[in-house]
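Asks: My file is protein-v6.pdb. It has PDB, C-alpha atoms:
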```pdb
ATOM      1  CA  MET E   1      57.497  70.189 -14.522
ATOM      2  CA  VAL E   2      57.818  72.536 -17.518
ATOM      3  CA  GLN E   3      56.024  70.008 -19.723
ATOM      4  CA  SER E   4      53.233  69.722 -17.183
ATOM      5  CA  VAL E   5      52.786  73.501 -16.958
ATOM      6  CA  ASN E   6      52.759  73.821 -20.761
ATOM      7  CA  TRP E   7      50.184  71.044 -21.030
ATOM      8  CA  ARG E   8      47.932  72.663 -18.417
ATOM      9  CA  ALA E   9      48.096  75.942 -20.330
ATOM     10  CA  SER E  10      47.369  74.309 -23.695
ATOM     11  CA  GLN E  11      44.397  72.397 -22.260
ATOM     12  CA  ALA E  12      43.080  75.470 -20.397
ATOM     13  CA  ILE E  13      42.754  73.429 -17.193
ATOM     14  CA  ASP E  14      41.815  76.484 -15.105
ATOM     15  CA  GLU E  15      38.906  77.179 -17.463
ATOM     16  CA  LEU E  16      37.952  73.504 -17.476
ATOM     17  CA  MET E  17      37.713  73.414 -13.687
ATOM     18  CA  TRP E  18      35.858  76.725 -13.565
ATOM     19  CA  ASP E  19      33.146  75.325 -15.852
ATOM     20  CA  GLY E  20      33.169  71.999 -14.014
ATOM     21  CA  GLU E  21      30.763  69.188 -14.794
ATOM     22  CA  LEU E  22      28.361  71.433 -16.718
ATOM     23  CA  ALA E  23      30.926  71.640 -19.540
ATOM     24  CA  GLN E  24      31.160  67.840 -19.817
ATOM     25  CA  ASN E  25      29.064  65.383 -21.789
ATOM     26  CA  ASN E  26      25.738  65.281 -19.929
ATOM     27  CA  LYS E  27      25.069  61.637 -20.716
ATOM     28  CA  LEU E  28      28.450  60.526 -19.332
ATOM     29  CA  MET E  29      28.011  62.688 -16.240
ATOM     30  CA  GLU E  30      24.554  61.297 -15.555
ATOM     31  CA  ALA E  31      25.709  57.714 -16.160
ATOM     32  CA  GLY E  32      28.779  58.065 -13.917
ATOM     33  CA  LEU E  33      31.556  56.849 -16.212
ATOM     34  CA  CYS E  34      34.202  58.016 -13.736
ATOM     35  CA  ILE E  35      33.211  58.318 -10.077
ATOM     36  CA  LYS E  36      34.830  58.584  -6.657
ATOM     37  CA  VAL E  37      33.805  55.698  -4.411
ATOM     38  CA  GLY E  38      35.428  54.657  -1.119
ATOM     39  CA  LEU E  39      39.023  54.481   0.123
ATOM     40  CA  ASP E  40      41.689  51.845  -0.448
ATOM     41  CA  ARG E  41      43.676  50.130   2.314
ATOM     42  CA  LEU E  42      46.080  53.093   2.458
ATOM     43  CA  ALA E  43      43.122  55.479   2.935
ATOM     44  CA  TYR E  44      43.570  56.951  -0.554
ATOM     45  CA  PRO E  45      40.378  57.877  -2.475
ATOM     46  CA  ILE E  46      39.371  55.477  -5.247
ATOM     47  CA  MET E  47      38.462  56.783  -8.697
ATOM     48  CA  VAL E  48      36.400  54.104 -10.456
ATOM     49  CA  VAL E  49      36.157  54.074 -14.262
ATOM     50  CA  ARG E  50      33.164  51.932 -15.212
ATOM     51  CA  VAL E  51      34.333  50.913 -18.670
ATOM     52  CA  ARG E  52      31.008  49.356 -19.708
ATOM     53  CA  LEU E  53      29.454  52.830 -19.778
ATOM     54  CA  ASN E  54      31.864  54.095 -22.418
ATOM     55  CA  VAL E  55      30.603  53.616 -25.986
ATOM     56  CA  ALA E  56      32.602  55.617 -28.526
ATOM     57  CA  ARG E  57      29.793  55.990 -31.076
ATOM     58  CA  GLU E  58      27.591  57.726 -28.508
ATOM     59  CA  ARG E  59      30.031  60.561 -27.834
ATOM     60  CA  GLY E  60      30.626  63.810 -29.629
ATOM     61  CA  GLU E  61      33.999  64.531 -31.244
ATOM     62  CA  GLY E  62      36.623  65.720 -28.749
ATOM     63  CA  THR E  63      34.458  64.756 -25.778
ATOM     64  CA  ILE E  64      36.731  62.091 -24.372
ATOM     65  CA  GLU E  65      39.875  64.259 -24.287
ATOM     66  CA  ARG E  66      38.128  66.920 -22.221
ATOM     67  CA  LEU E  67      36.464  64.360 -19.993
ATOM     68  CA  ALA E  68      39.766  62.559 -19.360
ATOM     69  CA  ALA E  69      41.527  65.828 -18.491
ATOM     70  CA  PHE E  70      38.681  66.842 -16.187
ATOM     71  CA  ALA E  71      38.462  63.431 -14.495
ATOM     72  CA  ILE E  72      42.192  63.210 -13.779
ATOM     73  CA  GLU E  73      42.446  66.812 -12.581
ATOM     74  CA  ARG E  74      39.434  66.154 -10.341
ATOM     75  CA  ALA E  75      41.216  63.085  -8.943
ATOM     76  CA  ALA E  76      44.356  65.142  -8.276
ATOM     77  CA  THR E  77      42.266  67.807  -6.507
ATOM     78  CA  ILE E  78      40.524  65.234  -4.320
ATOM     79  CA  ALA E  79      43.864  63.531  -3.590
ATOM     80  CA  ARG E  80      45.272  66.687  -1.983
ATOM     81  CA  ALA E  81      43.289  65.950   1.152
ATOM     82  CA  HIS E  82      44.543  62.344   1.245
ATOM     83  CA  GLY E  83      48.319  62.538   1.115
ATOM     84  CA  GLU E  84      48.410  63.734  -2.514
ATOM     85  CA  HIS E  85      47.554  60.272  -3.866
ATOM     86  CA  ALA E  86      44.572  58.352  -5.230
ATOM     87  CA  THR E  87      43.905  54.859  -6.580
ATOM     88  CA  LEU E  88      42.625  54.374 -10.126
ATOM     89  CA  LEU E  89      40.310  51.388 -10.517
ATOM     90  CA  TYR E  90      39.092  50.298 -13.942
ATOM     91  CA  ASP E  91      35.944  48.188 -13.551
ATOM     92  CA  PHE E  92      35.669  45.898 -16.588
ATOM     93  CA  SER E  93      32.486  44.225 -15.324
ATOM     94  CA  GLY E  94      30.085  43.731 -18.234
ATOM     95  CA  PHE E  95      32.822  44.684 -20.735
ATOM     96  CA  LYS E  96      31.694  44.152 -24.366
ATOM     97  CA  MET E  97      33.044  44.685 -27.872
ATOM     98  CA  GLU E  98      31.328  48.089 -28.062
ATOM     99  CA  ASN E  99      33.349  49.224 -25.045
ATOM    100  CA  ILE E 100      36.719  48.669 -26.713
ATOM    101  CA  ASP E 101      37.927  52.226 -27.168
ATOM    102  CA  THR E 102      41.676  52.504 -27.686
ATOM    103  CA  ALA E 103      41.506  56.293 -28.131
ATOM    104  CA  PHE E 104      39.955  56.693 -24.672
ATOM    105  CA  ILE E 105      42.471  54.362 -23.044
ATOM    106  CA  LYS E 106      45.489  55.906 -24.746
ATOM    107  CA  THR E 107      44.331  59.425 -23.845
ATOM    108  CA  ILE E 108      44.095  58.585 -20.143
ATOM    109  CA  VAL E 109      47.349  56.593 -20.098
ATOM    110  CA  THR E 110      49.248  59.390 -21.860
ATOM    111  CA  MET E 111      47.932  62.036 -19.461
ATOM    112  CA  ILE E 112      48.888  59.947 -16.447
ATOM    113  CA  ASN E 113      52.340  59.117 -17.865
ATOM    114  CA  GLU E 114      53.287  62.654 -18.826
ATOM    115  CA  THR E 115      51.328  65.006 -16.594
ATOM    116  CA  TYR E 116      50.073  63.196 -13.474
ATOM    117  CA  PRO E 117      52.721  60.498 -12.823
ATOM    118  CA  GLN E 118      52.533  60.797  -9.025
ATOM    119  CA  THR E 119      48.777  61.228  -8.563
ATOM    120  CA  PHE E 120      47.841  57.551  -8.703
ATOM    121  CA  SER E 121      49.763  55.392  -6.255
ATOM    122  CA  THR E 122      48.109  52.272  -7.693
ATOM    123  CA  THR E 123      46.167  51.388 -10.832
ATOM    124  CA  ILE E 124      43.961  48.288 -10.704
ATOM    125  CA  MET E 125      42.271  46.511 -13.609
ATOM    126  CA  PHE E 126      39.270  44.607 -12.231
ATOM    127  CA  VAL E 127      38.691  42.101 -15.019
ATOM    128  CA  ASN E 128      36.238  39.276 -15.612
ATOM    129  CA  SER E 129      36.165  39.373 -19.416
ATOM    130  CA  TRP E 130      38.172  37.383 -21.946
ATOM    131  CA  LEU E 131      38.098  40.421 -24.248
ATOM    132  CA  PHE E 132      40.496  42.212 -21.927
ATOM    133  CA  SER E 133      43.545  40.164 -22.944
ATOM    134  CA  GLY E 134      43.827  41.917 -26.297
ATOM    135  CA  VAL E 135      43.205  45.341 -24.780
ATOM    136  CA  TRP E 136      45.798  44.717 -22.071
ATOM    137  CA  LYS E 137      48.543  44.147 -24.658
ATOM    138  CA  LEU E 138      47.937  47.674 -25.930
ATOM    139  CA  ILE E 139      47.682  49.257 -22.477
ATOM    140  CA  ARG E 140      50.872  47.596 -21.288
ATOM    141  CA  SER E 141      52.828  48.906 -24.293
ATOM    142  CA  TRP E 142      51.778  52.487 -23.518
ATOM    143  CA  LEU E 143      52.574  52.489 -19.789
ATOM    144  CA  ASP E 144      55.610  54.250 -18.400
ATOM    145  CA  PRO E 145      57.875  51.587 -16.772
ATOM    146  CA  VAL E 146      57.535  53.171 -13.321
ATOM    147  CA  ILE E 147      53.748  53.344 -13.574
ATOM    148  CA  ALA E 148      53.646  49.799 -14.973
ATOM    149  CA  LYS E 149      55.136  48.552 -11.693
ATOM    150  CA  ARG E 150      52.191  50.137  -9.858
ATOM    151  CA  THR E 151      49.587  48.589 -12.173
ATOM    152  CA  PHE E 152      47.858  45.344 -11.166
ATOM    153  CA  ILE E 153      45.174  43.021 -12.495
ATOM    154  CA  ALA E 154      42.510  41.672 -10.130
ATOM    155  CA  LYS E 155      40.453  38.859 -11.659
ATOM    156  CA  ASP E 156      38.006  38.435  -8.785
ATOM    157  CA  ILE E 157      36.838  40.020  -5.549
ATOM    158  CA  ASP E 158      39.426  38.126  -3.475
ATOM    159  CA  GLN E 159      42.303  39.612  -5.478
ATOM    160  CA  LEU E 160      40.721  43.077  -5.443
ATOM    161  CA  SER E 161      40.256  42.926  -1.663
ATOM    162  CA  LYS E 162      44.047  42.795  -1.249
ATOM    163  CA  PHE E 163      44.043  46.470  -2.258
ATOM    164  CA  VAL E 164      40.582  47.571  -1.105
ATOM    165  CA  ASP E 165      38.620  46.332   1.897
ATOM    166  CA  ARG E 166      35.314  44.705   0.909
ATOM    167  CA  SER E 167      33.465  47.366   2.895
ATOM    168  CA  GLN E 168      34.800  49.933   0.382
ATOM    169  CA  ILE E 169      33.964  47.936  -2.755
ATOM    170  CA  MET E 170      30.567  48.451  -4.390
ATOM    171  CA  VAL E 171      28.025  45.627  -4.238
ATOM    172  CA  ASP E 172      27.847  45.365  -8.039
ATOM    173  CA  MET E 173      31.567  44.534  -8.011
ATOM    174  CA  GLY E 174      31.114  41.857  -5.354
ATOM    175  CA  GLY E 175      31.818  44.032  -2.329
ATOM    176  CA  GLU E 176      29.720  45.210   0.608
ATOM    177  CA  LEU E 177      29.388  48.940  -0.086
ATOM    178  CA  LYS E 178      25.786  49.846  -0.925
ATOM    179  CA  TYR E 179      26.418  52.792  -3.193
ATOM    180  CA  SER E 180      23.942  54.242  -5.651
ATOM    181  CA  TYR E 181      25.296  56.878  -8.015
ATOM    182  CA  SER E 182      23.192  59.876  -8.886
ATOM    183  CA  PHE E 183      24.138  63.091 -10.622
ATOM    184  CA  ASP E 184      22.424  66.331  -9.649
ATOM    185  CA  TYR E 185      23.163  69.459 -11.625
ATOM    186  CA  PRO E 186      24.713  72.276  -9.568
ATOM    187  CA  THR E 187      22.604  75.154  -8.344
ATOM    188  CA  GLU E 188      23.560  78.815  -8.111
ATOM    189  CA  GLU E 189      23.987  78.385  -4.361
ATOM    190  CA  ASP E 190      26.503  75.529  -4.781
ATOM    191  CA  ASN E 191      29.025  77.783  -6.514
ATOM    192  CA  ALA E 192      28.097  81.151  -5.023
ATOM    193  CA  GLN E 193      31.686  81.869  -3.899
ATOM    194  CA  MET E 194      32.897  81.789  -7.503
ATOM    195  CA  PHE E 195      31.106  85.107  -8.054
ATOM    196  CA  ASP E 196      32.254  86.818  -4.852
ATOM    197  CA  ALA E 197      34.892  89.161  -6.324
ATOM    198  CA  GLU E 198      35.839  90.736  -2.990
ATOM    199  CA  GLY E 199      36.257  87.394  -1.249
ATOM    200  CA  ARG E 200      38.348  86.051  -4.116
ATOM    201  CA  GLN E 201      40.663  89.063  -4.049
ATOM    202  CA  GLN E 202      41.265  88.624  -0.326
ATOM    203  CA  ALA E 203      41.984  84.914  -0.815
ATOM    204  CA  GLU E 204      44.375  85.659  -3.702
ATOM    205  CA  ASP E 205      46.233  88.262  -1.617
ATOM    206  CA  SER E 206      46.569  85.777   1.245
ATOM    207  CA  LEU E 207      47.935  83.155  -1.150
ATOM    208  CA  LYS E 208      50.496  85.598  -2.576
ATOM    209  CA  ASP E 209      51.676  86.410   0.957
ATOM    210  CA  ALA E 210      51.906  82.689   1.769
ATOM    211  CA  VAL E 211      53.924  82.023  -1.409
ATOM    212  CA  SER E 212      56.343  84.837  -0.559
ATOM    213  CA  ALA E 213      56.791  83.518   2.970
ATOM    214  CA  PHE E 214      57.408  79.996   1.688
ATOM    215  CA  GLU E 215      59.959  81.223  -0.879
ATOM    216  CA  LYS E 216      61.742  83.215   1.834
ATOM    217  CA  GLU E 217      61.962  80.194   4.135
ATOM    218  CA  THR E 218      63.067  77.964   1.262
ATOM    219  CA  ASN E 219      65.878  80.346   0.285
ATOM    220  CA  ALA E 220      67.033  80.422   3.899
ATOM    221  CA  TRP E 221      66.923  76.609   4.002
ATOM    222  CA  ILE E 222      68.962  76.309   0.766
ATOM    223  CA  SER E 223      71.604  78.797   1.894
ATOM    224  CA  GLY E 224      72.052  77.148   5.304
ATOM    225  CA  SER E 225      75.332  75.316   5.877
ATOM    226  CA  GLY E 226      73.808  72.528   7.983
ATOM    227  CA  THR E 227      70.791  71.429   9.984
ATOM    228  CA  ASN E 228      72.018  73.332  13.020
ATOM    229  CA  SER E 229      72.100  76.619  11.092
ATOM    230  CA  TYR E 230      68.423  76.639  10.155
ATOM    231  CA  ASN E 231      65.151  75.978  11.914
ATOM    232  CA  VAL E 232      63.487  73.426   9.618
ATOM    233  CA  LYS E 233      60.177  73.799  11.453
ATOM    234  CA  SER E 234      59.723  77.344  10.180
ATOM    235  CA  ARG E 235      59.750  76.096   6.567
ATOM    236  CA  ILE E 236      57.327  73.309   7.448
ATOM    237  CA  ASP E 237      55.007  75.863   9.031
ATOM    238  CA  ALA E 238      55.306  78.106   5.950
ATOM    239  CA  ALA E 239      54.443  75.162   3.712
ATOM    240  CA  ALA E 240      51.375  74.400   5.827
ATOM    241  CA  SER E 241      50.258  78.031   5.612
ATOM    242  CA  PHE E 242      50.771  77.916   1.847
ATOM    243  CA  GLY E 243      48.556  74.835   1.619
ATOM    244  CA  ASP E 244      45.857  76.381   3.808
ATOM    245  CA  ALA E 245      45.826  79.544   1.703
ATOM    246  CA  ALA E 246      45.461  77.517  -1.499
ATOM    247  CA  LEU E 247      42.509  75.613  -0.035
ATOM    248  CA  LYS E 248      40.812  78.867   0.984
ATOM    249  CA  LEU E 249      41.150  80.198  -2.582
ATOM    250  CA  ASP E 250      39.854  76.959  -4.111
ATOM    251  CA  PRO E 251      36.075  77.648  -3.791
ATOM    252  CA  TYR E 252      36.528  80.932  -5.672
ATOM    253  CA  ILE E 253      38.252  79.457  -8.740
ATOM    254  CA  ARG E 254      36.459  76.208  -9.579
ATOM    255  CA  ALA E 255      33.000  74.653  -9.550
ATOM    256  CA  ARG E 256      32.182  72.099  -6.848
ATOM    257  CA  PHE E 257      32.203  68.425  -7.847
ATOM    258  CA  ALA E 258      29.078  66.282  -7.472
ATOM    259  CA  THR E 259      30.614  64.496  -4.470
ATOM    260  CA  GLU E 260      31.261  67.851  -2.788
ATOM    261  CA  ARG E 261      27.712  69.057  -3.471
ATOM    262  CA  HIS E 262      26.186  65.852  -2.121
ATOM    263  CA  PHE E 263      28.188  65.894   1.108
ATOM    264  CA  LYS E 264      28.590  69.606   1.787
TER     265      LYS E 264
END
```
Output the file's structure in the form of structure tokens.

Replies:
Amino acid sequence: MVQSVNWRASQAIDELMWDGELAQNNKLMEAGLCIKVGLDRLAYPIMVVRVRLNVARERGEGTIERLAAFAIERAATIARAHGEHATLLYDFSGFKMENIDTAFIKTIVTMINETYPQTFSTTIMFVNSWLFSGVWKLIRSWLDPVIAKRTFIAKDIDQLSKFVDRSQIMVDMGGELKYSYSFDYPTEEDNAQMFDAEGRQQAEDSLKDAVSAFEKETNAWISGSGTNSYNVKSRIDAAASFGDAALKLDPYIRARFATERHFK
């Protein structure tokens, strides 16, 4: 936990999420290198990395580290509304030599291993390229053993459909979901709450009160001598209030994602 907090501070994650997609590489945003599409069979959101769109020579220096941090934090944010988990799906369709980018892969794997180990319940490599075998040897050596057990290779649509229903798999991957990605830049209206100082202060005060209430109930729970000496429901209710307060503060402290702007 301490390592995660230190990493978030060093990467200025709060600032990264405040700036949102406008601070990312425009070409990668418009192309849709990493997008949210559909739900898996456990109703977790699917984050699809379309590897064929990543060409190292077309990026600026330092771009991929910031994009990886943003993409994974975005996935963790989206996952909060779906049981705190998401599925990571690497689409290797159309994978070529120019898409082999070990720095990109290692950056994402390291972030997941060390900072977001519980965000992705499953990682799937959707592969139809012989080039992948060499890349996989590297990826496998970098994976944490626990995460490695949750990582699978799907070589065709039948294997992929064991994890994701065909209705939730894009047509260009062999599924039935007619999905067309488009990226629209945010407008002033989309993020208007970020500049409402009074509303933010009220939301922050409510969150502080919710944190205090949750800490109070947790201390009472810890000091209890048995289940009969403490009403567990009161802590559950405090936790729910804490979560609600955090969600109410959310629009004031970060820019909306493209998926949120499209379906608001």

Asks: Convert the output of the PyMOL selection byres ((chain E and resi 107-120) around 8) on the shown file into explicit residues, formatted as a list in words.

Replies: Gln3, Ser4, Trp7, Glu65, Ala68, Ala69, Ile72, Ala75, Ala76, Ala79, Glu84, His85, Ala86, Thr87, Leu88, Ala103, Phe104, Ile105, Lys106, Ser121, Thr122, Thr123, Ile139, Trp142, Leu143, Asp144 and Ile147 of chain E

Asks: How close does each residue of range 91-179 of chain E get to range 50-64 of chain E, giving the shortest atom pair and distance in Å to one decimal for every residue with an atom at most 8 Å away, counting only C-alpha atoms, sorted by chain and residue number, as a tab-separated table?

Replies:
```
residue	atom	partner	partner_atom	distance
E:Asp91	CA	E:Arg50	CA	5.0
E:Phe92	CA	E:Val51	CA	5.6
E:Ser93	CA	E:Arg52	CA	6.9
E:Gly94	CA	E:Arg52	CA	5.9
E:Phe95	CA	E:Arg52	CA	5.1
E:Lys96	CA	E:Arg52	CA	7.0
E:Glu98	CA	E:Val55	CA	5.9
E:Asn99	CA	E:Val55	CA	5.3
E:Ile100	CA	E:Val55	CA	7.9
E:Asp101	CA	E:Ala56	CA	6.5
E:Phe104	CA	E:Ile64	CA	6.3
```

Asks: Rank nothing, just name the residue among E:Phe195, E:Phe126, E:Pro186, E:Arg66 nearest to Gly174 in chain E, using only C-alpha atoms.

Replies: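 Nearest candidate to Gly174 in chain E out of E:Phe195, E:Phe126, E:Pro186, E:Arg66: E:Phe126.
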
Asks: So that I can see what lies close to Met173 in chain E, please list as a PyMOL selection string the residues with an atom at most 12 Å from it, counting all atoms listed in the file and leaving out residues fewer than 2 positions away in the same chain.

Replies: chain E and resi 37+48+50+89-94+126-128+154-158+160-161+164+166-171+175-179

Asks: Could you please determine the separation between CA of Thr151 in chain E and CA of Met125 in chain E in Å, to one decimal place?

Replies: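 So the answer is 7.7 Å.
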
Asks: Expand the PyMOL selection byres ((chain E and resi 210) around 10) into the explicit residue set it covers here, and present it as a CSV table (one decimal) with C-alpha atoms, keeping the file's coordinate frame.

Replies:
```csv
chain,number,residue,atom,x,y,z
E,204,GLU,CA,44.4,85.7,-3.7
E,205,ASP,CA,46.2,88.3,-1.6
E,206,SER,CA,46.6,85.8,1.2
E,207,LEU,CA,47.9,83.2,-1.2
E,208,LYS,CA,50.5,85.6,-2.6
E,209,ASP,CA,51.7,86.4,1.0
E,211,VAL,CA,53.9,82.0,-1.4
E,212,SER,CA,56.3,84.8,-0.6
E,213,ALA,CA,56.8,83.5,3.0
E,214,PHE,CA,57.4,80.0,1.7
E,215,GLU,CA,60.0,81.2,-0.9
E,216,LYS,CA,61.7,83.2,1.8
E,238,ALA,CA,55.3,78.1,6.0
E,239,ALA,CA,54.4,75.2,3.7
E,240,ALA,CA,51.4,74.4,5.8
E,241,SER,CA,50.3,78.0,5.6
E,242,PHE,CA,50.8,77.9,1.8
E,243,GLY,CA,48.6,74.8,1.6
E,244,ASP,CA,45.9,76.4,3.8
E,245,ALA,CA,45.8,79.5,1.7
E,246,ALA,CA,45.5,77.5,-1.5
```

Asks: Nearest to Ala203 in chain E among E:Asn219, E:Thr102, E:Val5, E:Leu247, with distances taken over all atoms listed in the file: which residue is it?

Replies: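 Of all the options, E:Leu247 lies closest to Ala203 in chain E.
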
Asks: Calculate how many Å separate CA of Phe257 in chain E from CA of Ala192 in chain E, rounding to one decimal.

Replies: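 Separation of CA of Phe257 in chain E and CA of Ala192 in chain E: 13.7 Å.
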
Asks: Write out as a ChimeraX atom specification each polymer residue whose atoms come within 10 Å of Asp19 in chain E, counting only C-alpha atoms; drop sequence neighbours fewer than 5 positions from it.

Replies: /E:13-14,24,253-256

Asks: Please evaluate the PyMOL selection byres ((chain E and resi 260) around 12) against the structure above and give the resulting residues as a list in words.

Replies: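 This file, filtered by the PyMOL selection byres ((chain E and resi 260) around 12), leaves Lys36, Arg74, Thr77, Ile78, Phe183, Asp184, Pro186, Asp190, Asn191, Pro251, Arg254, Ala255, Arg256, Phe257, Ala258, Thr259, Arg261, His262, Phe263 and Lys264 of chain E.
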
Asks: Starting from 6 Å padding per side, set up an axis-aligned box that covers all listed atoms of range 21-24 of chain E and hand over centre and edge lengths in Å, one decimal, as lines of an AutoDock Vina configuration file.

Replies:
```
center_x = 29.8
center_y = 69.7
center_z = -17.3
size_x = 14.8
size_y = 15.8
size_z = 17.0
```

Asks: Measuring atom to atom with only C-alpha atoms, identify which of E:Ser223, E:Ala71, E:Leu39, E:Met1 is nearest to Leu16 in chain E.

Replies: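 Using only C-alpha atoms, the shortest distance to Leu16 in chain E belongs to E:Ala71.
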
Asks: Provide the CA of Leu42 in chain E to CA of Val146 in chain E distance in Å, to one decimal place.

Replies: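 If I compute the distance from CA of Leu42 in chain E to CA of Val146 in chain E, I get 19.5 Å.
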
Asks: Using all atoms listed in the file, pick whichever of E:Thr218, E:Gln202, E:Ser182, E:Thr187 has the shortest atom-to-atom distance to Glu30 in chain E.

Replies: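 Residue with the minimum atom-to-atom distance to Glu30 in chain E: E:Ser182.
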
Asks: Closest to Leu33 in chain E among E:Ala81, E:Met17, E:Leu67, E:Ala9, using all atoms listed in the file?

Replies: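 Closest to Leu33 in chain E of all the choices is E:Leu67.
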
Asks: I want to know what sits within 10 Å of Asn26 in chain E, based on all atoms listed in the file, with residues of the same chain fewer than 5 positions away left out; could you give that as a list in words?

Replies: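 Residues meeting the cut-off are Glu21, Ala31, Gly32, Phe183 and Tyr185 of chain E.
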